[in-house]
Every structure is written in C-alpha cells, then in structure tokens.
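Report on the following structure.
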Amino acid sequence: MNPSLKLLTVLLASLEISFTYNTAANLLIVVTASIYLISHRIRWRALMWLLVVPLIPAVGLFTTIYFFGAHQLATAVALFTRMYAYVFAGAAFTLTTSPLVLAHSLEQNCHLPSKFAYGTLAAFNMLPKIKTTILTIKNAAAMRGVTLSWWSPRLYFKAILVAITWSENLAQAMISHGFVEGQPRSTYSVVRVTASDIGWTIGLLVLLQAPIVWAGLH
Amino acid sequence: MHQDKKLHVRDIILLALIGIIFGAIFMGTDFIYNALTVVLTPIGLAPMANDLMMGLWIMAGPLAGFMLRLPGTAFLGEFLAAVGEMFFGGQWGAATLISGVVQGVAAELGFTLTGYKYYNWVTLGLSTITSTVLTFAWDMFKNGYSAFHLQLLIILFIARLISIFIFGGVFVKLITNLLNRAHVLVAR
C-alpha cells in the first residue's frame with residue numbers, strides 16, 4: 001500500500017476512535033491491523049510484544065475509571081481497548097514502512113518540500129551515531145568524576161553542540177552532492193498511488209464506521 | 001545562527017536532530033512512566049503518571065523555538081521528535097504523531113503570543129501555560145479524562161502544569177543559558 005495513504009488511514013482511524021467510546025470499533029482496528037501485520041510476515045514475538053506494551057497504562061486507566069471514577073464498565077472497557085487500537089494501528093504502519101519510503105512518498109505524492117523530506121531523513125539516519133555520542137559524552141564526564149544523567153542540562157547542552165556541528169556538515173554534504181532547495185528533482189525510485197491504494201483507504205475507513213454507526217442507532 | 005528568516009535544510013536537520021537527542025536520552029525513562037503507573041494505580045491516580053511525565057515529552061518544542069527563533073520552529077521541533085519516536089521505539093505509533101501535532105501547536109502558541117520578539121522567562125511561561133491547557137484538552141478525549149471527577153481533573157491539571165513548568169520551562173532555560181554562554185544562540 002502507498003505509504004502516505006497508509007499513514008493517512010492510520011491517522012484518521014486513530015483520530016476517530018479518540019473521540020468515540022466504542023469497544024467494537026477499537027477491536028475492529030486491532031483485528032484488521034493484526035491481519036495486515038501477519039500478512040506482512042511479522043514475527044509472532046513482535047506481535048505478542050504489542051499485546052504486552054500497552055498493558056500497564058491500559059490497566060491503570062481502566063481501574064481509575066471503573067473503581068475510582070464513574071464506575072461505568074462500558075467506558076472503562078472502551079478506553080482499555082482503545083490503547084490497544086492505537087498501538088496496533090501504529091505498528092501496522094511503522095513495522096511495515098521504512099522512513100526512506102515514507103519520505104519518498106510524501107515528497108512525490110503529497111508535495112512535501114524536498115528540504116523537509118531529505119533534511120529529516122538525513123537526521124534520522126544519524127540515530128545510531130546519536131546514541132553512541134550520548135554515551136561518549138556520559139563516559140567522558142564520568143572519567144572526570146561527573147555524572148551526567150537525563151536530568152543534567154549539561155548533557156543536553158553538549159549533545160546539542162554536537163547536533164549543531166552535524167547539521168552544518170550534513171547540509172554542506174547534501175549541497176556538495178547537488179542538493180538544491182526548492183528545485184524540481186528527478187527520482188530514481190518512483191512511488192505511485194494506485195487505484196487499489198485509494199480503494200483500500202476508503203474501504204477500511206468505511207468499514208470502521210460500521211460499529212460506530214451501529215452504536216449510534218442502538 | 002544565520003540571519004535570514006527562512007528555514008533551510010540545515011535548520012530542518014538540526015530540528016530533527018534535537019528531537020532525536022531528546023528521544024534517545026528519554027529512551028531509558030520509559031520504565032519511570034511504567035513504574036509511576038504501577039504505583040499510582042492502587043490509589044486511583046494512574047493517569048497522573050501521564051501528567052507528571054508530560055514535561056519531559058514536550059521539552060523539544062520550547063527548546064527548538066528558543067534556539068532557532070523563527071515562526072514554526074517550536075512546532076517542528078516537537079513534531080519531528082514525534083516522527084522520530086514513531087519510527088524508533090515509540091510504543092504509541094501513529095497516536096504519537098497526533099499528540100506531536102497537539103504538543104507542537106501548544107508550544108508554538110506561547111512563542112506566537114509574544115510575536116516572536118521576546119525570548120525570556122515570559123515566553124517560556126506563556127509556552128508552559130499554552131502547552132498545559134492544549135495537551136490537557138486533548139487528553140480529555142484521548143485518555144478519557146472527560147470521564148473523571150472534577151476533583152481528580154484539578155489534581156491532574158496542577159500536576160501537569162508543574163511538570164511542564166519544571167521541564168519545558170526551568171530545564172529548557174538552563175539548557176539555553178548554557179548555549180547562550182557558548183555563543184551559539186545569535187539574536188535574529
């Protein structure tokens with residue numbers, strides 16, 4: 001499926017269930033997302049992990065509403081399942097889409113300015129280096145007997161100084177490779193929007209309306 | 001940094017990097033959120049973990065706004081942090097993006113209210129208030145806060161205000177003070 005349309009579907013579905021207390025709609029999203037993930041041959045362990053991740057906050061929210069709040073089982077269950085719907089819908093997107101393909105799709109299909117598509121991509125590709133740099137900063141401080149933790153402004157300060165240097169270097173590197181802001185670009189990998197992409201987007205969103213309309217009628 | 005009032009690819013890379021740095025540092029704090037939730041659940045205050053942690057999650061926005069001093073940078077800083085979180089280890093997936101938009105707009109509003117002219121405590125104070133109000137309004141729907149008692153809502157609101165003030169206000173100011181002393185922040 002086209003990455004931009006997939007993202008749009010997931011966002012609209014997540015947004016809609018945020019404003020409705022509908023257990024059936026939430027479960028429909030969980031099931032649909034599971035089928036999609038299984039059809040993409042996601043590992044079972046990853047799927048099981050998705051069941052564990054939202055458990056603590058979901059149970060917390062449930063008990064607060066059911067035992068300490070309005071005592072409405074329907075509301076509490078709807079919020080409990082909604083947490084799962086968010087996580088499964090999100091995973092259906094992130095576990096099957098790479099940032100690179102999304103950037104290409106947003107640039108070509110949604111006319112996102114190339115400076116955003118490639119600038120963000122350049123930064124995201126630095127993630128492993130950022131992790132090691134933060135570790136380096138911490139270790140360098142530890143060697144001088146200074147402990148830098150997540151509540152030390154100095155850790156952020158040092159990391160940001162590195163980021164400023166990197167952003168300048170990366171931008172220079174991109175420009176020297178022929179990147180020009182706001183100029184039309186040719187593409188080596190073309191991302192298309194097919195009729196079936198649009199069909200799936202509309203079809204899935206219409207399907208989601210079924211339990212919500214049903215609940216409205218009863 | 002540089003003088004003209006337009007975002008260039010360098011600024012966009014920097015904004016995304018800031019978001020990722022915060023994400024990478026906070027990756028180890030997920031257990032605090034889960035631990036807080038577990039501790040607060042038996043006394044019926046589980047959602048408070050969300051409010052207490054909110055300050056940490058919104059830090060990238062005000063910091064970016066304070067650093068780059070251009071309209072839209074606070075929003076982009078926060079939003080790109082959410083995009084990064086969505087792809088790398090965020091558990092909430094696409095809902096993160098929606099929260100990122102809400103938090104980004106909230107942080108940006110504080111700067112908009114000053115007309116992008118002042119960068120001091122007033123700006124961070126305004127950003128704290130707009131962030132608290134807007135993210136709280138969003139949680140009325142997203143986390144079902146509208147089903148809570150008024151008394152609980154007031155407690156949660158105050159917890160969130162304090163958290164955002166400490167991290168999105170005081171903490172950001174401490175970081176920008178250091179950046180200021182290093183002369184990497186240039187007034188536009």
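Going through the structure tokens in order, the chains are called A, B, and so on, while each chain numbers its residues from 1 and the ligands are numbered from 1 in the order shown.
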Applying 8 Å and only C-alpha atoms, which residues near range 106-123 of chain B remain after dropping the ones on its own chain fewer than 2 positions away? List them as a VMD selection string.
chain B and resid 58 61 to 62 65 to 66 69 to 75 102 to 104 125 to 132 134 to 135 169 173
Given the selection you just returned, output its residues as a file containing N, CA and C atoms, formatted as a compact mmCIF listing (two decimals), in the first residue's frame.
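As a result, out.txt now contains:
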# COMPACT_ATOMS: atom_id res chain seq x y z
N ILE B 58 7.47 17.19 26.25
CA ILE B 58 7.26 18.40 25.44
C ILE B 58 8.52 19.28 25.37
N GLY B 61 10.04 21.00 21.92
CA GLY B 61 9.33 22.13 21.31
C GLY B 61 9.84 23.48 21.77
N PRO B 62 9.69 23.80 23.07
CA PRO B 62 10.16 25.10 23.55
C PRO B 62 11.65 25.32 23.31
N GLY B 65 12.13 26.26 19.68
CA GLY B 65 11.63 27.60 19.47
C GLY B 65 12.61 28.64 20.00
N PHE B 66 13.18 28.34 21.17
CA PHE B 66 14.12 29.25 21.81
C PHE B 66 15.43 29.33 21.05
N ARG B 69 14.48 30.53 16.90
CA ARG B 69 13.82 31.85 16.90
C ARG B 69 13.16 32.21 15.59
N LEU B 70 12.47 31.26 14.99
CA LEU B 70 11.72 31.53 13.77
C LEU B 70 10.30 30.99 13.98
N PRO B 71 9.29 31.62 13.35
CA PRO B 71 7.94 31.07 13.46
C PRO B 71 7.92 29.64 12.94
N GLY B 72 7.29 28.75 13.70
CA GLY B 72 7.14 27.37 13.25
C GLY B 72 8.20 26.43 13.79
N THR B 73 9.29 26.97 14.37
CA THR B 73 10.36 26.06 14.79
C THR B 73 9.97 25.27 16.04
N ALA B 74 9.21 25.90 16.96
CA ALA B 74 8.79 25.17 18.16
C ALA B 74 7.90 24.01 17.74
N PHE B 75 6.98 24.29 16.80
CA PHE B 75 6.11 23.24 16.30
C PHE B 75 6.92 22.11 15.66
N VAL B 102 -0.46 18.20 18.46
CA VAL B 102 -1.10 18.98 19.54
C VAL B 102 -0.02 19.67 20.38
N GLN B 103 1.00 18.90 20.79
CA GLN B 103 2.05 19.48 21.64
C GLN B 103 2.84 20.54 20.88
N GLY B 104 3.07 20.30 19.58
CA GLY B 104 3.80 21.27 18.77
C GLY B 104 3.05 22.59 18.66
N GLY B 125 7.09 31.00 30.12
CA GLY B 125 5.90 30.94 30.97
C GLY B 125 4.65 30.78 30.13
N LEU B 126 4.56 31.59 29.06
CA LEU B 126 3.40 31.51 28.16
C LEU B 126 3.34 30.14 27.50
N SER B 127 4.52 29.66 27.07
CA SER B 127 4.57 28.35 26.41
C SER B 127 4.14 27.24 27.39
N THR B 128 4.53 27.40 28.67
CA THR B 128 4.11 26.43 29.69
C THR B 128 2.59 26.39 29.79
N ILE B 129 1.98 27.59 29.84
CA ILE B 129 0.53 27.64 30.01
C ILE B 129 -0.19 27.09 28.78
N THR B 130 0.22 27.53 27.57
CA THR B 130 -0.46 27.04 26.38
C THR B 130 -0.28 25.52 26.24
N SER B 131 0.93 25.03 26.57
CA SER B 131 1.17 23.58 26.48
C SER B 131 0.27 22.82 27.44
N THR B 132 0.17 23.31 28.68
CA THR B 132 -0.65 22.63 29.68
C THR B 132 -2.11 22.58 29.24
N LEU B 134 -3.58 23.08 26.23
CA LEU B 134 -3.91 22.36 25.00
C LEU B 134 -3.73 20.84 25.12
N THR B 135 -2.61 20.42 25.75
CA THR B 135 -2.41 18.97 25.87
C THR B 135 -3.46 18.37 26.81
N GLY B 169 9.98 24.62 31.05
CA GLY B 169 10.33 25.99 31.39
C GLY B 169 11.71 26.09 32.00
N LYS B 173 15.29 26.56 30.08
CA LYS B 173 16.02 27.81 30.33
C LYS B 173 17.46 27.51 30.73
Can you list, as an MDAnalysis selection string, every residue of chain B that DSSP puts in alpha helix (DSSP H)?
chainID B and resid 9:26 30:40 48:57 60:68 73:87 94:113 121:142 150:164 172:181
Tell me which protein, DNA and RNA residues are within 8 Å of range 194-199 of chain A, counting only C-alpha atoms, leaving out same-chain ones fewer than 4 positions away, and put them as a ChimeraX atom specification.
/A:1-2,5,203
For Arg82 in chain A, which residue among B:Lys142, B:Arg181, B:Lys5, B:Arg10 is the nearest when counting only C-alpha atoms?
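With only C-alpha atoms as the atom set, the closest residue is B:Lys142.
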Can you list, as a list in words, every protein, DNA or RNA residue that comes within 9 Å of Leu63 in chain B when you count only C-alpha atoms, leaving out same-chain residues fewer than 6 positions away?
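Everything that qualifies: Ile18, Ala74, Gly77, Gly168, Val172, Lys173, Ile175 and Thr176 of chain B.
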Pick the closest to chain A from B:Tyr145, B:Phe79, B:Phe157, B:Trp92: which is it, counting only C-alpha atoms?
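Smallest distance to chain A is found for B:Trp92.
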State, in Å with one decimal place, the distance from CA of Ser18 in chain A to CA of Ser34 in chain A.
19.7 Å
From B:Trp138, B:Leu68, B:Leu124, B:Ile43, residue lying nearest Ser99 in chain B [only C-alpha atoms]
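Closest to Ser99 in chain B of all the choices is B:Trp138.
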With only C-alpha atoms as the atoms that count, which of B:Ile20, B:Leu150, B:Met140, B:Ala64 lies nearest to Phe88 in chain B?
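Nearest to Phe88 in chain B: B:Ile20.
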